[in-house]
Every structure is written in structure tokens, then in C-alpha cells.
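Asker: Compact mmCIF, C-alpha atoms, saved as data-v3.txt, coming up:
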```txt
# COMPACT_ATOMS: atom_id res chain seq x y z
CA MET A 1 -48.44 14.92 89.66
CA SER A 2 -48.59 14.06 85.93
CA PHE A 3 -46.25 16.97 85.19
CA LEU A 4 -43.70 15.65 87.70
CA ARG A 5 -43.91 12.21 86.14
CA PHE A 6 -42.97 13.83 82.83
CA ILE A 7 -40.11 15.92 84.23
CA VAL A 8 -38.34 13.12 86.12
CA PRO A 9 -37.78 10.74 83.19
CA VAL A 10 -36.74 13.59 80.90
CA PHE A 11 -34.26 14.86 83.49
CA PHE A 12 -32.94 11.31 83.92
CA LEU A 13 -32.57 10.90 80.15
CA ILE A 14 -30.65 14.16 79.80
CA SER A 15 -28.49 13.40 82.83
CA SER A 16 -27.68 9.94 81.48
CA PHE A 17 -26.76 11.43 78.10
CA VAL A 18 -24.42 13.99 79.67
CA ALA A 19 -22.83 11.40 81.95
CA SER A 20 -22.18 8.94 79.14
CA ASN A 21 -20.90 11.69 76.87
CA ALA A 22 -18.43 12.81 79.53
CA GLN A 23 -16.89 9.33 79.71
CA LEU A 24 -16.18 9.10 75.99
CA SER A 25 -13.12 10.70 74.43
CA GLU A 26 -11.60 11.25 70.99
CA THR A 27 -8.27 10.06 72.41
CA PHE A 28 -9.54 7.01 74.31
CA TYR A 29 -7.21 4.63 72.42
CA ALA A 30 -4.27 7.03 72.13
CA THR A 31 -1.96 4.75 74.12
CA THR A 32 -3.65 1.36 73.89
CA CYS A 33 -4.34 1.30 70.12
CA PRO A 34 -3.01 4.52 68.57
CA ASN A 35 -3.58 3.36 64.96
CA VAL A 36 -7.20 2.35 65.46
CA THR A 37 -8.60 4.92 63.01
CA GLU A 38 -6.10 4.04 60.29
CA ILE A 39 -6.82 0.33 60.69
CA VAL A 40 -10.58 0.84 60.45
CA ARG A 41 -10.14 3.16 57.47
CA GLY A 42 -8.01 0.60 55.65
CA VAL A 43 -10.65 -2.10 55.97
CA MET A 44 -13.44 0.30 55.01
CA GLN A 45 -11.54 1.44 51.92
CA GLN A 46 -11.12 -2.15 50.84
CA ALA A 47 -14.80 -2.90 51.48
CA GLN A 48 -15.88 0.22 49.60
CA SER A 49 -13.76 -0.76 46.61
CA THR A 50 -15.75 -3.96 46.15
CA ASP A 51 -19.15 -2.86 47.46
CA VAL A 52 -20.42 0.69 46.91
CA ARG A 53 -23.03 0.05 49.62
CA ALA A 54 -20.43 -0.64 52.33
CA GLY A 55 -20.77 2.72 54.09
CA ALA A 56 -24.56 2.67 53.90
CA LYS A 57 -24.65 -0.82 55.38
CA ILE A 58 -22.42 0.13 58.31
CA ILE A 59 -24.25 3.33 59.22
CA ARG A 60 -27.53 1.42 59.21
CA LEU A 61 -26.05 -1.07 61.67
CA HIS A 62 -24.82 1.76 63.90
CA PHE A 63 -28.24 3.46 63.91
CA HIS A 64 -30.13 0.24 64.57
CA ASP A 65 -27.69 -0.70 67.31
CA CYS A 66 -27.91 2.65 69.10
CA PHE A 67 -31.71 2.83 69.03
CA VAL A 68 -32.06 -0.48 70.90
CA ASN A 69 -30.49 -0.49 74.38
CA GLY A 70 -27.97 2.15 73.30
CA CYS A 71 -24.73 1.98 71.30
CA ASP A 72 -23.47 -1.26 72.80
CA GLY A 73 -22.91 -3.60 69.86
CA SER A 74 -25.88 -5.75 70.87
CA LEU A 75 -27.09 -5.89 67.26
CA LEU A 76 -23.95 -7.80 66.29
CA LEU A 77 -24.60 -10.78 68.57
CA ASP A 78 -25.68 -14.10 67.09
CA ASN A 79 -28.20 -16.41 68.73
CA ALA A 80 -26.71 -18.21 71.73
CA ALA A 81 -27.74 -19.53 75.12
CA GLY A 82 -29.75 -16.76 76.76
CA ILE A 83 -29.41 -14.48 73.71
CA GLU A 84 -32.08 -13.91 71.07
CA SER A 85 -30.25 -12.14 68.29
CA GLU A 86 -31.51 -8.73 67.20
CA LYS A 87 -30.48 -9.71 63.68
CA ASP A 88 -33.60 -11.87 63.42
CA ALA A 89 -36.05 -9.07 64.23
CA ALA A 90 -38.17 -7.91 61.30
CA SER A 91 -36.51 -4.48 61.13
CA ASN A 92 -33.07 -6.07 60.76
CA VAL A 93 -33.84 -8.84 58.30
CA GLY A 94 -31.64 -8.27 55.28
CA ALA A 95 -29.26 -5.93 57.06
CA GLY A 96 -25.75 -6.19 55.66
CA GLY A 97 -22.26 -5.21 56.69
CA PHE A 98 -21.71 -7.76 59.45
CA ASP A 99 -18.85 -9.26 57.45
CA ILE A 100 -17.19 -5.85 57.25
CA VAL A 101 -17.43 -5.48 61.03
CA ASP A 102 -15.85 -8.91 61.44
CA ASP A 103 -13.01 -7.96 59.09
CA ILE A 104 -12.37 -4.76 61.05
CA LYS A 105 -12.43 -6.65 64.34
CA THR A 106 -9.94 -9.23 63.03
CA ALA A 107 -7.59 -6.49 61.85
CA LEU A 108 -7.75 -4.73 65.22
CA GLU A 109 -7.32 -7.92 67.24
CA ASN A 110 -4.15 -8.63 65.27
CA VAL A 111 -2.66 -5.32 66.40
CA CYS A 112 -4.45 -4.42 69.64
CA PRO A 113 -5.98 -7.60 71.07
CA GLY A 114 -8.85 -7.16 73.49
CA VAL A 115 -8.78 -3.36 73.33
CA VAL A 116 -11.27 -1.88 70.84
CA SER A 117 -14.97 -2.56 71.36
CA CYS A 118 -17.37 -3.62 68.63
CA ALA A 119 -19.60 -0.67 69.53
CA ASP A 120 -16.69 1.70 68.83
CA ILE A 121 -16.01 -0.09 65.54
CA LEU A 122 -19.54 0.77 64.38
CA ALA A 123 -19.13 4.41 65.39
CA LEU A 124 -15.73 4.82 63.72
CA ALA A 125 -16.60 2.87 60.58
CA SER A 126 -19.79 4.93 60.13
CA GLU A 127 -17.86 8.20 60.06
CA ILE A 128 -15.23 6.78 57.73
CA GLY A 129 -17.83 5.25 55.42
CA VAL A 130 -19.61 8.60 55.05
CA ALA A 131 -16.37 10.49 54.42
CA LEU A 132 -15.21 7.99 51.79
CA VAL A 133 -18.15 8.88 49.52
CA GLY A 134 -17.96 12.65 49.88
CA GLY A 135 -19.79 13.23 53.14
CA PRO A 136 -18.78 15.20 56.24
CA THR A 137 -16.26 14.18 58.84
CA TRP A 138 -16.62 14.51 62.61
CA GLN A 139 -14.64 13.71 65.72
CA VAL A 140 -15.81 10.29 66.87
CA LEU A 141 -15.90 9.96 70.63
CA LEU A 142 -14.65 6.56 71.79
CA GLY A 143 -14.67 4.39 74.88
CA ARG A 144 -17.90 2.42 74.48
CA ARG A 145 -18.00 -1.13 75.79
CA ASP A 146 -19.95 -4.07 74.44
CA SER A 147 -23.14 -5.50 75.88
CA LEU A 148 -23.49 -8.96 77.36
CA THR A 149 -26.96 -9.49 75.93
CA ALA A 150 -29.35 -8.47 73.15
CA ASN A 151 -32.91 -7.16 73.03
CA ARG A 152 -34.78 -8.59 70.07
CA SER A 153 -38.19 -7.44 71.27
CA GLY A 154 -36.95 -3.86 71.49
CA VAL A 155 -36.00 -3.70 67.83
CA ASP A 156 -39.43 -3.45 66.27
CA SER A 157 -40.73 -1.05 68.92
CA ASP A 158 -37.75 1.32 68.94
CA ILE A 159 -36.61 1.42 65.31
CA PRO A 160 -38.84 3.27 62.82
CA SER A 161 -40.16 0.96 60.12
CA PRO A 162 -40.24 2.30 56.54
CA PHE A 163 -44.04 2.40 56.73
CA GLU A 164 -44.37 4.86 59.63
CA SER A 165 -46.07 8.22 59.72
CA LEU A 166 -44.22 11.22 61.07
CA ASP A 167 -46.39 11.15 64.19
CA VAL A 168 -45.05 7.67 64.98
CA MET A 169 -41.43 8.56 64.24
CA ARG A 170 -41.28 11.65 66.44
CA PRO A 171 -41.51 9.88 69.81
CA GLN A 172 -39.14 7.17 68.63
CA PHE A 173 -36.51 9.90 68.36
CA THR A 174 -37.46 12.07 71.32
CA ASN A 175 -37.48 9.00 73.58
CA LYS A 176 -33.78 8.66 72.76
CA GLY A 177 -32.99 12.29 73.54
CA MET A 178 -33.04 13.29 69.87
CA ASP A 179 -35.03 16.21 68.45
CA ILE A 180 -36.80 16.93 65.17
CA THR A 181 -33.63 18.34 63.58
CA ASP A 182 -31.85 15.10 64.40
CA LEU A 183 -34.69 13.14 62.81
CA VAL A 184 -34.48 15.07 59.54
CA ALA A 185 -30.68 15.20 59.50
CA LEU A 186 -30.18 11.50 60.22
CA SER A 187 -32.81 10.58 57.62
CA GLY A 188 -30.33 12.14 55.18
CA ALA A 189 -28.25 8.97 55.51
CA HIS A 190 -30.67 7.72 52.86
CA THR A 191 -28.69 9.78 50.40
CA PHE A 192 -26.78 6.58 49.68
CA GLY A 193 -27.58 2.88 49.72
CA ARG A 194 -30.45 0.75 48.45
CA ALA A 195 -33.79 -0.50 49.74
CA ARG A 196 -35.65 -3.73 49.00
CA CYS A 197 -38.93 -3.48 47.13
CA GLY A 198 -40.72 -4.81 50.18
CA THR A 199 -39.90 -1.62 52.10
CA PHE A 200 -41.83 0.67 49.74
CA GLN A 201 -43.97 -1.50 47.45
CA GLN A 202 -47.04 -0.75 49.58
CA ARG A 203 -46.87 2.84 48.27
CA LEU A 204 -47.00 1.86 44.61
CA PHE A 205 -50.39 0.21 44.06
CA ASN A 206 -52.66 0.12 47.11
CA PHE A 207 -51.48 2.72 49.59
CA SER A 208 -53.24 2.39 52.97
CA GLY A 209 -55.96 0.25 51.37
CA SER A 210 -56.99 3.04 49.00
CA GLY A 211 -56.62 0.96 45.85
CA SER A 212 -54.37 3.69 44.46
CA PRO A 213 -50.69 4.65 44.76
CA ASP A 214 -49.42 7.02 47.42
CA PRO A 215 -50.44 10.46 46.12
CA THR A 216 -47.19 11.96 47.41
CA ILE A 217 -45.13 10.04 44.82
CA ASN A 218 -44.18 12.09 41.77
CA SER A 219 -46.27 10.86 38.83
CA THR A 220 -43.21 10.49 36.59
CA TYR A 221 -41.23 8.66 39.28
CA LEU A 222 -44.05 6.21 40.02
CA PRO A 223 -43.90 4.17 36.76
CA THR A 224 -40.17 3.60 37.24
CA LEU A 225 -40.75 2.20 40.71
CA GLN A 226 -43.71 0.09 39.55
CA ALA A 227 -41.58 -1.41 36.78
CA THR A 228 -38.79 -2.25 39.24
CA CYS A 229 -41.17 -3.62 41.86
CA PRO A 230 -44.29 -5.00 40.14
CA GLN A 231 -47.20 -6.38 42.09
CA GLY A 232 -46.51 -10.00 42.92
CA GLY A 233 -42.82 -9.62 42.15
CA ASP A 234 -39.84 -10.75 44.22
CA ASN A 235 -39.91 -7.91 46.74
CA GLY A 236 -37.25 -9.47 48.95
CA ASN A 237 -34.40 -9.59 46.47
CA THR A 238 -34.97 -6.60 44.20
CA PHE A 239 -33.46 -3.27 45.19
CA GLU A 240 -33.96 0.38 44.31
CA ASN A 241 -31.69 3.33 45.00
CA LEU A 242 -32.70 5.35 48.05
CA ASP A 243 -31.44 8.48 46.26
CA LYS A 244 -32.44 8.37 42.59
CA THR A 245 -30.05 11.16 41.62
CA THR A 246 -26.64 10.34 43.14
CA PRO A 247 -27.17 6.94 44.77
CA ASP A 248 -23.55 6.24 45.69
CA ASN A 249 -22.54 9.71 46.92
CA PHE A 250 -23.19 11.39 50.24
CA ASP A 251 -24.74 14.77 49.42
CA ASN A 252 -27.92 16.78 49.87
CA ASP A 253 -29.72 15.48 46.78
CA TYR A 254 -31.89 13.35 49.07
CA TYR A 255 -33.66 16.52 50.26
CA ILE A 256 -34.06 17.87 46.74
CA ASN A 257 -35.68 14.55 45.87
CA LEU A 258 -38.14 15.04 48.74
CA GLN A 259 -39.06 18.48 47.39
CA ASN A 260 -39.76 16.81 44.05
CA GLN A 261 -41.85 14.07 45.69
CA GLU A 262 -39.20 11.51 44.84
CA GLY A 263 -38.48 10.12 48.28
CA LEU A 264 -38.37 6.33 48.09
CA LEU A 265 -39.65 5.30 51.52
CA GLN A 266 -42.82 6.55 53.12
CA THR A 267 -40.76 7.69 56.11
CA ASP A 268 -38.62 9.77 53.74
CA GLN A 269 -41.41 11.56 51.91
CA GLU A 270 -43.37 12.15 55.13
CA LEU A 271 -40.69 14.68 56.13
CA PHE A 272 -41.74 17.00 53.31
CA SER A 273 -45.30 15.98 52.45
CA THR A 274 -46.85 16.04 55.94
CA SER A 275 -48.94 19.19 55.80
CA GLY A 276 -47.95 21.86 58.33
CA SER A 277 -45.02 19.87 59.70
CA ASP A 278 -41.99 21.66 61.13
CA THR A 279 -39.84 19.19 59.21
CA ILE A 280 -40.64 20.91 55.91
CA ALA A 281 -38.55 23.98 56.70
CA ILE A 282 -35.61 21.76 57.69
CA VAL A 283 -35.86 19.80 54.43
CA ASN A 284 -35.89 23.07 52.49
CA ARG A 285 -32.87 24.34 54.42
CA TYR A 286 -30.84 21.22 53.68
CA ALA A 287 -31.93 21.16 50.04
CA SER A 288 -30.57 24.66 49.57
CA SER A 289 -27.42 24.23 51.68
CA GLN A 290 -25.33 21.09 51.62
CA SER A 291 -22.94 22.60 54.17
CA GLN A 292 -25.82 23.12 56.63
CA PHE A 293 -26.89 19.52 56.15
CA PHE A 294 -23.34 18.28 56.66
CA ASP A 295 -22.90 20.33 59.84
CA ASP A 296 -26.18 19.14 61.33
CA PHE A 297 -25.66 15.55 60.24
CA ALA A 298 -22.26 15.45 61.95
CA SER A 299 -23.73 16.88 65.16
CA SER A 300 -26.62 14.42 65.08
CA MET A 301 -24.26 11.49 64.52
CA ILE A 302 -22.32 12.47 67.63
CA LYS A 303 -25.57 12.58 69.60
CA LEU A 304 -26.62 9.24 68.17
CA GLY A 305 -23.31 7.68 69.17
CA ASN A 306 -23.79 8.77 72.77
CA ILE A 307 -27.13 7.04 73.35
CA GLY A 308 -27.05 4.62 76.29
CA VAL A 309 -23.36 3.75 76.05
CA LEU A 310 -21.64 1.33 78.41
CA THR A 311 -18.38 2.66 79.85
CA GLY A 312 -15.94 1.96 82.65
CA THR A 313 -16.38 -1.57 83.93
CA ASN A 314 -19.85 -2.09 82.45
CA GLY A 315 -20.11 -4.65 79.69
CA GLU A 316 -16.95 -6.02 78.10
CA ILE A 317 -14.63 -5.77 75.11
CA ARG A 318 -15.62 -8.66 72.87
CA THR A 319 -12.88 -10.47 71.00
CA ASP A 320 -15.49 -11.65 68.49
CA CYS A 321 -18.32 -9.23 67.74
CA LYS A 322 -20.76 -12.08 67.14
CA ARG A 323 -20.59 -13.54 70.64
CA VAL A 324 -19.86 -12.57 74.23
CA ASN A 325 -16.50 -13.59 75.63
```
Write the structure described by the file as C-alpha cells, please.
Answerer:
Amino acid sequence: MSFLRFIVPVFFLISSFVASNAQLSETFYATTCPNVTEIVRGVMQQAQSTDVRAGAKIIRLHFHDCFVNGCDGSLLLDNAAGIESEKDAASNVGAGGFDIVDDIKTALENVCPGVVSCADILALASEIGVALVGGPTWQVLLGRRDSLTANRSGVDSDIPSPFESLDVMRPQFTNKGMDITDLVALSGAHTFGRARCGTFQQRLFNFSGSGSPDPTINSTYLPTLQATCPQGGDNGNTFENLDKTTPDNFDNDYYINLQNQEGLLQTDQELFSTSGSDTIAIVNRYASSQSQFFDDFASSMIKLGNIGVLTGTNGEIRTDCKRVN
């Protein structure tokens, strides 16, 4: 009986993934908004020219959106009657890039009013943002529709916090139809962008109540982090590069950093420093082959973008990503 209870939800999850995937298409806007990619790219290029973190901000929004109720743009909604915004959940406090999404939406509404969903904007802009800083490209499947509600309570349960162990992260991914390769590959998005001191300061002085720093931090890297984020400092407004080597480029240096015990977040370093974990071999593979990382990252991004999508007549196409029509 317990085995059947396990099989049924897994079968349903896989069936739902295949069904949603089948309804998305690279050419979804071929007749209704044929220049959608060029329009999104133009706004992203402008954003990137003034903010090197633009791509990192957008891909974070896409990931956080997809892991809560699926890729439906629910993260973008502001508080309103009957809607508790996901933006206010602890895991999303400080998230940026919403202004970029609004700029993209405005540009699209000027050319193709009421056609392109906010959920598709996140998917397209994520691919473009990665490519603009040297990362891989992939064919973005389109046709998602936008949700009519948000799920604030689901944010902190479904999105890995930066303080998690690998044992906690695994089910957060497998519950979404993702596997361990997806977990390691998508973590590679931390090859660009920044993190607030508050997301890793607990590793620097009193890790897990030990009174000492996290022993998996390289001893020469530790003083740099402690100087940037001192005890009692302003941990909400001070940032550190997620990738200490090439912080504004999309490459495989993130995995080399993990090998050197120079992962910034606990969730990063856990991938390499968890004894006996199957993630170690994947980290080593990506560290030695950027092309392998790029291939797997692209495949994992396509899988991510297919989680729980709304298609057909479900949901709507918002004219303003911040509120339902």
C-alpha cells in the first residue's frame, strides 16, 4: 500500500510535466508577436549596460517563481485584495530585477498588447541574461500563462534557503521533478551575481553554534569574508560576489571555487564538501569541462521552465506583471 502511494504521485508528477511540456513551443508567438525575443533582448542589453547583476537578478526571479506553484509569474504580483505577495516572503526579501521585468512588459505591450505572458518574460529574459555574459544559449519553450493568485506560504517551504544542508535540498528538487544533476547544474547560476552578508555570515564566526567558523571554508578565503561581513555589521546592505574569481561572467569557475573550498553560501559548498555525496563527482565534472556544465545547465533550465505551467485557457495574460487584470 505504501509503495502504491509513492508510485501514484510520482506518475502524476511526470505525467503533468510531459503534458505541460507538450503545450509549450519555441514558435508560440511566431504570428502574434514575432519580434518578442528581439524586444526582450533589447531591454536586457540596456539593463545589463547599467547593472552587471541584471541577468543574475532575473534568473533568480525565474527560479523562485517556478519553484512555487510552477512557472506562472506569481512571484511578480504585488499585495492586493485576496493576494499576499510572494515578494514579502523571507526567501524573496531583497530580490531585484522587478523593474527590468516591468520595462520588458512595457516594451512588449507597446508592440504586442495582451499577448506575451509575464511568466514567459522571465523564461526568455533568463536565457538572454545568461548568454549576454558568456553563458550558454538554449531554445526557450513559450506559451505559459500567468496566475491569478500567489502563494506566499509556499515560498519558504519550497525554495532552498542559503543555510540548508544537502539532505534538505534534495527533496526540494525531486518534489519538482528535478534530479541531482539538475540541482548541481542550476546551482551553477551562482557563477554570477552577489549575495548579502546575511545569507552567509552564519558560516564565518559561529557555524551551527560551534563557536567557530564553518570548517569547509578555505582558511585564506575566510579572513576576506570576515572583513567584508564583520560580526555586528550591516548584513542587509553589504554584498559579496557569489563567484570570487569571475563574478560578472557566466562560466564554470563556480565549481573550481567549490573544489578550493571557496563557495560563498553553505548550500554551494555542501555540493562538494558533503562526504560521500554523489554531487561531488558532478562538481568535478563541471570544474574540468565548461562545455559539459553549459550543456547540462541548458537542459536543466528547460526542465525548470516546464514546472507547473499554466497553458490554454488557464490563468491569463497580464497587462501589468504586478497585478491581475
Asker: Could you tell me which of A:Asp253, A:Asp268, A:Asp72, A:Glu127 comes closest to Arg145 (chain A) if we count all atoms listed in the file?
Answerer: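 Residue with the minimum atom-to-atom distance to Arg145 (chain A): A:Asp72.
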Asker: Could you check which of A:Asn79, A:Ser277, A:Ser25, A:Ser161 is closest to Asn92 (chain A), using only C-alpha atoms?
Answerer: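 Closest residue, counting only C-alpha atoms: A:Ser161.
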Asker: Excluding Gly73 (chain A) and its own-chain neighbours fewer than 5 positions away, which residues fall within 12 Å of it when counting only C-alpha atoms? Please give them as a VMD selection string.
Answerer: chain A and resid 61 to 68 78 85 to 87 98 101 116 to 123 144 to 151 305 307 to 310 315 to 318 320 to 324
Asker: Using C-alpha atoms, can you export the residues from the last selection as a PDB file, in the frame of the given file?
Answerer:
```
ATOM      1  CA  LEU A  61     -26.050  -1.070  61.670  1.00  0.00           C
ATOM      2  CA  HIS A  62     -24.820   1.760  63.900  1.00  0.00           C
ATOM      3  CA  PHE A  63     -28.240   3.460  63.910  1.00  0.00           C
ATOM      4  CA  HIS A  64     -30.130   0.240  64.570  1.00  0.00           C
ATOM      5  CA  ASP A  65     -27.690  -0.700  67.310  1.00  0.00           C
ATOM      6  CA  CYS A  66     -27.910   2.650  69.100  1.00  0.00           C
ATOM      7  CA  PHE A  67     -31.710   2.830  69.030  1.00  0.00           C
ATOM      8  CA  VAL A  68     -32.060  -0.480  70.900  1.00  0.00           C
ATOM      9  CA  ASP A  78     -25.680 -14.100  67.090  1.00  0.00           C
ATOM     10  CA  SER A  85     -30.250 -12.140  68.290  1.00  0.00           C
ATOM     11  CA  GLU A  86     -31.510  -8.730  67.200  1.00  0.00           C
ATOM     12  CA  LYS A  87     -30.480  -9.710  63.680  1.00  0.00           C
ATOM     13  CA  PHE A  98     -21.710  -7.760  59.450  1.00  0.00           C
ATOM     14  CA  VAL A 101     -17.430  -5.480  61.030  1.00  0.00           C
ATOM     15  CA  VAL A 116     -11.270  -1.880  70.840  1.00  0.00           C
ATOM     16  CA  SER A 117     -14.970  -2.560  71.360  1.00  0.00           C
ATOM     17  CA  CYS A 118     -17.370  -3.620  68.630  1.00  0.00           C
ATOM     18  CA  ALA A 119     -19.600  -0.670  69.530  1.00  0.00           C
ATOM     19  CA  ASP A 120     -16.690   1.700  68.830  1.00  0.00           C
ATOM     20  CA  ILE A 121     -16.010  -0.090  65.540  1.00  0.00           C
ATOM     21  CA  LEU A 122     -19.540   0.770  64.380  1.00  0.00           C
ATOM     22  CA  ALA A 123     -19.130   4.410  65.390  1.00  0.00           C
ATOM     23  CA  ARG A 144     -17.900   2.420  74.480  1.00  0.00           C
ATOM     24  CA  ARG A 145     -18.000  -1.130  75.790  1.00  0.00           C
ATOM     25  CA  ASP A 146     -19.950  -4.070  74.440  1.00  0.00           C
ATOM     26  CA  SER A 147     -23.140  -5.500  75.880  1.00  0.00           C
ATOM     27  CA  LEU A 148     -23.490  -8.960  77.360  1.00  0.00           C
ATOM     28  CA  THR A 149     -26.960  -9.490  75.930  1.00  0.00           C
ATOM     29  CA  ALA A 150     -29.350  -8.470  73.150  1.00  0.00           C
ATOM     30  CA  ASN A 151     -32.910  -7.160  73.030  1.00  0.00           C
ATOM     31  CA  GLY A 305     -23.310   7.680  69.170  1.00  0.00           C
ATOM     32  CA  ILE A 307     -27.130   7.040  73.350  1.00  0.00           C
ATOM     33  CA  GLY A 308     -27.050   4.620  76.290  1.00  0.00           C
ATOM     34  CA  VAL A 309     -23.360   3.750  76.050  1.00  0.00           C
ATOM     35  CA  LEU A 310     -21.640   1.330  78.410  1.00  0.00           C
ATOM     36  CA  GLY A 315     -20.110  -4.650  79.690  1.00  0.00           C
ATOM     37  CA  GLU A 316     -16.950  -6.020  78.100  1.00  0.00           C
ATOM     38  CA  ILE A 317     -14.630  -5.770  75.110  1.00  0.00           C
ATOM     39  CA  ARG A 318     -15.620  -8.660  72.870  1.00  0.00           C
ATOM     40  CA  ASP A 320     -15.490 -11.650  68.490  1.00  0.00           C
ATOM     41  CA  CYS A 321     -18.320  -9.230  67.740  1.00  0.00           C
ATOM     42  CA  LYS A 322     -20.760 -12.080  67.140  1.00  0.00           C
ATOM     43  CA  ARG A 323     -20.590 -13.540  70.640  1.00  0.00           C
ATOM     44  CA  VAL A 324     -19.860 -12.570  74.230  1.00  0.00           C
TER      45      VAL A 324
END
```
Asker: Rank A:Phe297, A:Tyr255, A:Tyr286, A:Phe250 by their smallest atom-to-atom distance to Leu132 (chain A), using only C-alpha atoms, and report the top residue only.
Answerer: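 Residue with the minimum atom-to-atom distance to Leu132 (chain A): A:Phe250.
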Asker: Restricting the calculation to only C-alpha atoms, which member of A:Gln266, A:Thr319, A:Thr311, A:Asn260 is positioned closest to Glu164 (chain A)?
Answerer: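 Among A:Gln266, A:Thr319, A:Thr311, A:Asn260, it is A:Gln266 that comes nearest to Glu164 (chain A).
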Asker: Fewer than 6 positions away in the same chain doesn't count, so skip those; otherwise give me all residues within 12 Å of Ile39 (chain A), counting only C-alpha atoms, as a PyMOL selection string.
Answerer: chain A and resi 33+45-46+103-112+116+121+124-125+128
Asker: Can you tell me how far CA of Pro230 (chain A) sits from CA of Asp156 (chain A), in Å to one decimal?
Answerer: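 So the two atoms, CA of Pro230 (chain A) and CA of Asp156 (chain A), lie 26.6 Å apart.
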Asker: Please list as a ChimeraX atom specification every residue within 8 Å of Ala287 (chain A), counting only C-alpha atoms and excluding residues in the same chain fewer than 3 positions away.
Answerer: /A:252-256,283-284,290
Asker: Have a look at A:Asn325, A:Asn206, A:Asn175, A:Thr191 and name the one nearest to Ala56 (chain A); count only C-alpha atoms.
Answerer: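 Between A:Asn325, A:Asn206, A:Asn175, A:Thr191, the residue approaching Ala56 (chain A) most closely is A:Thr191.
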Asker: Between CA of Gly236 (chain A) and CA of Gly94 (chain A), measure the distance and give it in Å to one decimal.
Answerer: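 Between CA of Gly236 (chain A) and CA of Gly94 (chain A) the gap works out to 8.5 Å.
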Asker: Do you have the CA of Glu270 (chain A)-CA of Ile180 (chain A) distance handy?
Answerer: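 Taking CA of Glu270 (chain A) and CA of Ile180 (chain A), their separation equals 12.9 Å.
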Asker: Of the candidates A:Val52, A:Val130, A:Leu166, A:Ala281, which one gets nearest to Phe294 (chain A) if we count all atoms listed in the file?
Answerer: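 Going through A:Val52, A:Val130, A:Leu166, A:Ala281 one by one, the smallest distance to Phe294 (chain A) is for A:Val130.
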Asker: Tell me, as a list of chain:residue names, which residues lie within 9 Å of Asn218 (chain A), counting all atoms listed in the file; anything in the same chain fewer than 5 positions away does not count.
Answerer: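 In the requested form, the answer reads A:Asn260, A:Gln261, A:Glu262, A:Gly263.
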